[in-house]
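A.B. asks: Just dropping this structure here.
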Amino acid sequence: MAPSPSNRSAAQKPREVIFSEFPRLTLDLDGAEISAQGEPKICREFFDTVGLEALVGQMPQASIYRDGLILSSKVGETIRLAFIDCSKINELLEDISPYADFSSAERAILLQLLSGISLREAANVDEVSYETKRSQFKSLAARTGLRTQSDVIRVFLLNLFMNISTENKSNRIDHTSPDGRKECGEFLETYYPGTFRRHEISTRNCRNLRIIEAGPVSGIPIIYLHSQTLPQPKMFTSGWLAENNIRLIIPLRPGFLDKDSTRLPIQKHLQRSTQDVAEAIELFCEGNAKVVTHSTGSAYAINLCRNLPKSVAQLTISGAAYVGSYENGSVANLVSGLKNVAAKSSFLTEQVYQQHLRKMGTKSGFQTIINSAYGTSPPDAKIFQDIFESPQGHSWIYETYQLSKNSIVNDILMPSLDVWKNVEDVQTPTLFLHGRQDPVNSVSAAKMIESRFPNSNFVELELEGQSLFLSRFEEMIANRPEDWMAR
């Protein structure tokens, strides 16, 4: 019996499969070739056999072809075909369950399921009994730790499609991708090397859904709604995601790590961001997931619970934002000033943000900003002091702000909406985590907000400040009761 993924140690963490050289072909919507990678002859053969009309009508899809699968999908204004031979399918099997020895029958039934063939249809094709195919599937499921046919299809097919709809980890940039995507990829490879798988998915509404994720692909999916920055890079170096069998999924909001984006009006930004999270839950989590959020990410989680309550199985809100007036004068002045400027002129908003960014660019300037916001909170001051003294210093925070202006400005402007409206109707089990020494969003105001939720608990962390996602991120995500005993 193969060891459970949750029992793997960091040293046993399976390697990640990198699909960098497999044949793929990119076409426009009229079927004209845009670009090719590897040796795309087999993709051209498949396209000529199936035809444009039939192909577009059935995308996305996987089709058994030659000795592997042809994956076809629509990404923006392009059609992408990729041929995945059986050796790559086998690599993915080994990545998901590295200790299992899969039989040829188990590998065959996997290909049939991925191509949309039912067990009964597979039995007819192979001229065996239905019970034989059912037995083969049960064996495959047991080896991979997946229970149902839909689980198998979701885990394998989603991961295969993700690899043809985004750049691979070698940072090869398709020339159809705008520079903003390259900047995001370079940022992640610089500060989070080898950590995230990055996806860009064309949704049914022809929008680009941007997602990064980490941890075992067969792990328990947990959605994290980021604040104005991602957790610090060192949070991902210990292997705790694999040890806890967690697949961490982070939808990136419009404008986040996307320097050249256009800022959306605040209400539209909230709606778009919430829709992106819902799409991520549908794609990665079969429509229902645990959601964890920190600080400014709470607005999007609450909006999701209001509009699509069945999509959130459990909610954790740490360092809740927008819970009342800011007691810290520096934060209050920045927020009110940016609100006033944004209401008058996009140009002035840009100038104010750039002025703030220039101050952040130097260590002394950034320390001044941090001291004005967190100077009264020893836990937060210690966190940022450690960041300043690390080899990377605060450069990853500065570059986040440099690339994420439109997302961060909208986060700051979010209090102009009633973020916590009608939370009395939210039935989702909700856990509030809040530092007693939070200098930005007071614990008393957060408790008042929590009291409006009909199904919630509040954990006050005596020794913590505002920046829980920089100090207690593992505990926030894994959410083990023993982690919060020392309050």
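Just remember, in the structure tokens the first chain shown is A, the second B, etc., residues are 1-based per chain, and ligands are 1-based in the order shown.
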Considering only C-alpha atoms, return as a PDB file with C-alpha atoms, in the first residue's frame whatever protein or nucleic-acid residues lie within 9 Å of A:Thr274, sequence-local ones (same chain, fewer than 6 positions apart) excluded.

C.D. replies:
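As written to disk, result.pdb reads:
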ATOM      1  CA  ARG A 253      -6.902  39.943  -8.066  1.00  0.00           C
ATOM      2  CA  TYR A 300     -13.696  39.588  -1.258  1.00  0.00           C
ATOM      3  CA  ALA A 301     -14.356  36.606   1.018  1.00  0.00           C
ATOM      4  CA  ASN A 303     -18.779  39.225  -0.833  1.00  0.00           C
ATOM      5  CA  LEU A 304     -18.330  35.601  -1.949  1.00  0.00           C
ATOM      6  CA  ASN A 307     -23.427  35.950  -3.221  1.00  0.00           C
TER       7      ASN A 307
END

A.B. asks: How many Å lie between atom CA of A:Leu257 and atom CA of A:Ser227, rounded to one decimal?

C.D. replies: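 It comes out at 12.5 Å.
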
A.B. asks: Excluding stretch 205-220 of chain A and its own-chain neighbours fewer than 6 positions away, which residues fall within 7 Å of it when counting only C-alpha atoms? Please give them as a list of chain:residue names.

C.D. replies: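 Residues near the query, excluding close chain neighbours: A:Gly76, A:Ile96, A:Val155, A:Thr195, A:Phe196, A:Arg197, A:Arg198, A:His199, A:Leu241, A:Ala242, A:Asn245, A:Ile246, A:Arg247, A:Leu248, A:Ile249, A:Ile250, A:Pro251, A:Leu252, A:Asp276.
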
A.B. asks: Could you please take those selected residues and save N, CA, C and O atoms as a compact mmCIF listing (two decimals), in the first residue's frame?

C.D. replies:
# COMPACT_ATOMS: atom_id res chain seq x y z
N GLY A 76 -7.85 32.97 -24.35
CA GLY A 76 -8.01 34.29 -24.94
C GLY A 76 -8.50 34.19 -26.36
O GLY A 76 -9.50 33.53 -26.66
N ILE A 96 2.01 12.28 -8.57
CA ILE A 96 0.87 12.25 -7.66
C ILE A 96 0.99 11.09 -6.67
O ILE A 96 0.62 11.21 -5.51
N VAL A 155 -8.34 16.02 -11.08
CA VAL A 155 -6.94 16.19 -10.68
C VAL A 155 -6.01 16.07 -11.89
O VAL A 155 -5.13 16.92 -12.11
N THR A 195 8.43 27.51 -6.13
CA THR A 195 7.32 27.39 -5.18
C THR A 195 5.98 27.23 -5.87
O THR A 195 5.22 26.31 -5.56
N PHE A 196 5.66 28.13 -6.79
CA PHE A 196 4.31 28.21 -7.33
C PHE A 196 4.20 27.65 -8.75
O PHE A 196 5.10 27.86 -9.57
N ARG A 197 3.09 26.99 -9.00
CA ARG A 197 2.66 26.70 -10.36
C ARG A 197 1.73 27.84 -10.76
O ARG A 197 0.82 28.18 -10.02
N ARG A 198 1.95 28.42 -11.92
CA ARG A 198 1.22 29.62 -12.31
C ARG A 198 0.31 29.32 -13.48
O ARG A 198 0.73 28.76 -14.49
N HIS A 199 -0.95 29.72 -13.37
CA HIS A 199 -1.96 29.41 -14.38
C HIS A 199 -2.65 30.68 -14.87
O HIS A 199 -2.94 31.58 -14.08
N LEU A 241 3.38 22.32 3.43
CA LEU A 241 2.21 22.05 2.59
C LEU A 241 2.13 20.57 2.25
O LEU A 241 1.06 19.96 2.33
N ALA A 242 3.26 19.98 1.86
CA ALA A 242 3.27 18.55 1.56
C ALA A 242 3.00 17.71 2.80
O ALA A 242 2.26 16.73 2.75
N ASN A 245 -0.54 17.76 3.43
CA ASN A 245 -1.33 17.37 2.26
C ASN A 245 -2.28 18.50 1.84
O ASN A 245 -3.47 18.29 1.60
N ILE A 246 -1.73 19.72 1.74
CA ILE A 246 -2.52 20.90 1.39
C ILE A 246 -2.11 21.40 0.01
O ILE A 246 -0.92 21.57 -0.27
N ARG A 247 -3.09 21.63 -0.81
CA ARG A 247 -2.88 22.29 -2.10
C ARG A 247 -3.37 23.73 -1.94
O ARG A 247 -4.57 23.98 -1.89
N LEU A 248 -2.43 24.66 -1.83
CA LEU A 248 -2.76 26.06 -1.57
C LEU A 248 -3.00 26.77 -2.90
O LEU A 248 -2.12 26.82 -3.76
N ILE A 249 -4.18 27.36 -3.06
CA ILE A 249 -4.59 27.99 -4.31
C ILE A 249 -4.84 29.46 -4.05
O ILE A 249 -5.64 29.82 -3.18
N ILE A 250 -4.16 30.34 -4.80
CA ILE A 250 -4.24 31.78 -4.57
C ILE A 250 -4.69 32.48 -5.85
O ILE A 250 -3.88 32.68 -6.76
N PRO A 251 -5.97 32.85 -5.96
CA PRO A 251 -6.40 33.66 -7.10
C PRO A 251 -5.81 35.07 -6.98
O PRO A 251 -5.86 35.68 -5.92
N LEU A 252 -5.23 35.57 -8.06
CA LEU A 252 -4.64 36.90 -8.05
C LEU A 252 -5.68 37.91 -8.52
O LEU A 252 -6.27 37.76 -9.59
N ASP A 276 -13.75 35.84 -9.91
CA ASP A 276 -12.53 35.07 -10.14
C ASP A 276 -12.34 34.00 -9.06
O ASP A 276 -11.93 32.88 -9.36

A.B. asks: From the options A:Ser295, A:Ser261, A:Thr428, A:Gln267, which residue's atoms come nearest to A:Leu413, counting only C-alpha atoms?

C.D. replies: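 That would be A:Gln267, the residue with the smallest distance to A:Leu413.
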
A.B. asks: Counting only C-alpha atoms, what is within 7 Å of A:Leu461, bar same-chain residues fewer than 2 positions away, as a list in words?

C.D. replies: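 So the residues in contact are His434, Gly435, Arg436, Val459, Leu463, Glu464 and Arg487 of chain A.
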
A.B. asks: Given the selection you just returned, output its residues as a file containing all heavy atoms, formatted as a PDB file, in the first residue's frame.

C.D. replies:
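Result file follows (selection13.pdb):
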ATOM      1  N   HIS A 434      -7.229  37.335  15.392  1.00  0.00           N
ATOM      2  CA  HIS A 434      -6.867  38.754  15.472  1.00  0.00           C
ATOM      3  C   HIS A 434      -5.837  38.976  16.565  1.00  0.00           C
ATOM      4  O   HIS A 434      -5.978  38.477  17.686  1.00  0.00           O
ATOM      5  CB  HIS A 434      -8.103  39.605  15.760  1.00  0.00           C
ATOM      6  CG  HIS A 434      -8.034  40.962  15.147  1.00  0.00           C
ATOM      7  ND1 HIS A 434      -8.491  41.240  13.885  1.00  0.00           N
ATOM      8  CD2 HIS A 434      -7.528  42.133  15.627  1.00  0.00           C
ATOM      9  CE1 HIS A 434      -8.300  42.518  13.600  1.00  0.00           C
ATOM     10  NE2 HIS A 434      -7.711  43.083  14.644  1.00  0.00           N
ATOM     11  N   GLY A 435      -4.784  39.704  16.223  1.00  0.00           N
ATOM     12  CA  GLY A 435      -3.750  40.028  17.197  1.00  0.00           C
ATOM     13  C   GLY A 435      -4.207  41.118  18.152  1.00  0.00           C
ATOM     14  O   GLY A 435      -4.744  42.142  17.727  1.00  0.00           O
ATOM     15  N   ARG A 436      -3.981  40.906  19.438  1.00  0.00           N
ATOM     16  CA  ARG A 436      -4.381  41.898  20.434  1.00  0.00           C
ATOM     17  C   ARG A 436      -3.638  43.213  20.236  1.00  0.00           C
ATOM     18  O   ARG A 436      -4.159  44.288  20.549  1.00  0.00           O
ATOM     19  CB  ARG A 436      -4.108  41.351  21.845  1.00  0.00           C
ATOM     20  CG  ARG A 436      -4.491  42.323  22.957  1.00  0.00           C
ATOM     21  CD  ARG A 436      -4.235  41.737  24.331  1.00  0.00           C
ATOM     22  NE  ARG A 436      -5.100  40.589  24.588  1.00  0.00           N
ATOM     23  CZ  ARG A 436      -5.064  39.874  25.725  1.00  0.00           C
ATOM     24  NH1 ARG A 436      -4.197  40.204  26.681  1.00  0.00           N
ATOM     25  NH2 ARG A 436      -5.869  38.843  25.885  1.00  0.00           N
ATOM     26  N   VAL A 459     -10.721  34.191  17.986  1.00  0.00           N
ATOM     27  CA  VAL A 459      -9.502  33.854  18.716  1.00  0.00           C
ATOM     28  C   VAL A 459      -8.632  35.098  18.791  1.00  0.00           C
ATOM     29  O   VAL A 459      -8.201  35.632  17.753  1.00  0.00           O
ATOM     30  CB  VAL A 459      -8.732  32.701  18.037  1.00  0.00           C
ATOM     31  CG1 VAL A 459      -7.397  32.471  18.741  1.00  0.00           C
ATOM     32  CG2 VAL A 459      -9.562  31.424  18.061  1.00  0.00           C
ATOM     33  N   LEU A 463      -0.025  37.727  21.768  1.00  0.00           N
ATOM     34  CA  LEU A 463       1.340  38.123  21.442  1.00  0.00           C
ATOM     35  C   LEU A 463       1.523  38.523  19.985  1.00  0.00           C
ATOM     36  O   LEU A 463       2.655  38.640  19.507  1.00  0.00           O
ATOM     37  CB  LEU A 463       2.301  36.971  21.784  1.00  0.00           C
ATOM     38  CG  LEU A 463       2.284  36.506  23.244  1.00  0.00           C
ATOM     39  CD1 LEU A 463       3.235  35.340  23.438  1.00  0.00           C
ATOM     40  CD2 LEU A 463       2.624  37.654  24.197  1.00  0.00           C
ATOM     41  N   GLU A 464       0.425  38.724  19.258  1.00  0.00           N
ATOM     42  CA  GLU A 464       0.511  39.041  17.834  1.00  0.00           C
ATOM     43  C   GLU A 464      -0.007  40.440  17.541  1.00  0.00           C
ATOM     44  O   GLU A 464      -0.796  41.004  18.308  1.00  0.00           O
ATOM     45  CB  GLU A 464      -0.280  38.023  17.015  1.00  0.00           C
ATOM     46  CG  GLU A 464       0.225  36.592  17.118  1.00  0.00           C
ATOM     47  CD  GLU A 464       1.572  36.384  16.455  1.00  0.00           C
ATOM     48  OE1 GLU A 464       1.964  37.227  15.618  1.00  0.00           O
ATOM     49  OE2 GLU A 464       2.246  35.385  16.766  1.00  0.00           O
ATOM     50  N   ARG A 487      -2.567  31.837  23.415  1.00  0.00           N
ATOM     51  CA  ARG A 487      -3.173  33.058  22.903  1.00  0.00           C
ATOM     52  C   ARG A 487      -2.630  34.286  23.605  1.00  0.00           C
ATOM     53  O   ARG A 487      -3.169  35.344  23.504  1.00  0.00           O
ATOM     54  CB  ARG A 487      -4.702  32.990  23.078  1.00  0.00           C
ATOM     55  CG  ARG A 487      -5.300  31.763  22.385  1.00  0.00           C
ATOM     56  CD  ARG A 487      -6.802  31.720  22.547  1.00  0.00           C
ATOM     57  NE  ARG A 487      -7.360  30.488  22.027  1.00  0.00           N
ATOM     58  CZ  ARG A 487      -8.639  30.191  22.066  1.00  0.00           C
ATOM     59  NH1 ARG A 487      -9.516  31.024  22.590  1.00  0.00           N
ATOM     60  NH2 ARG A 487      -9.080  29.058  21.575  1.00  0.00           N
TER      61      ARG A 487
END
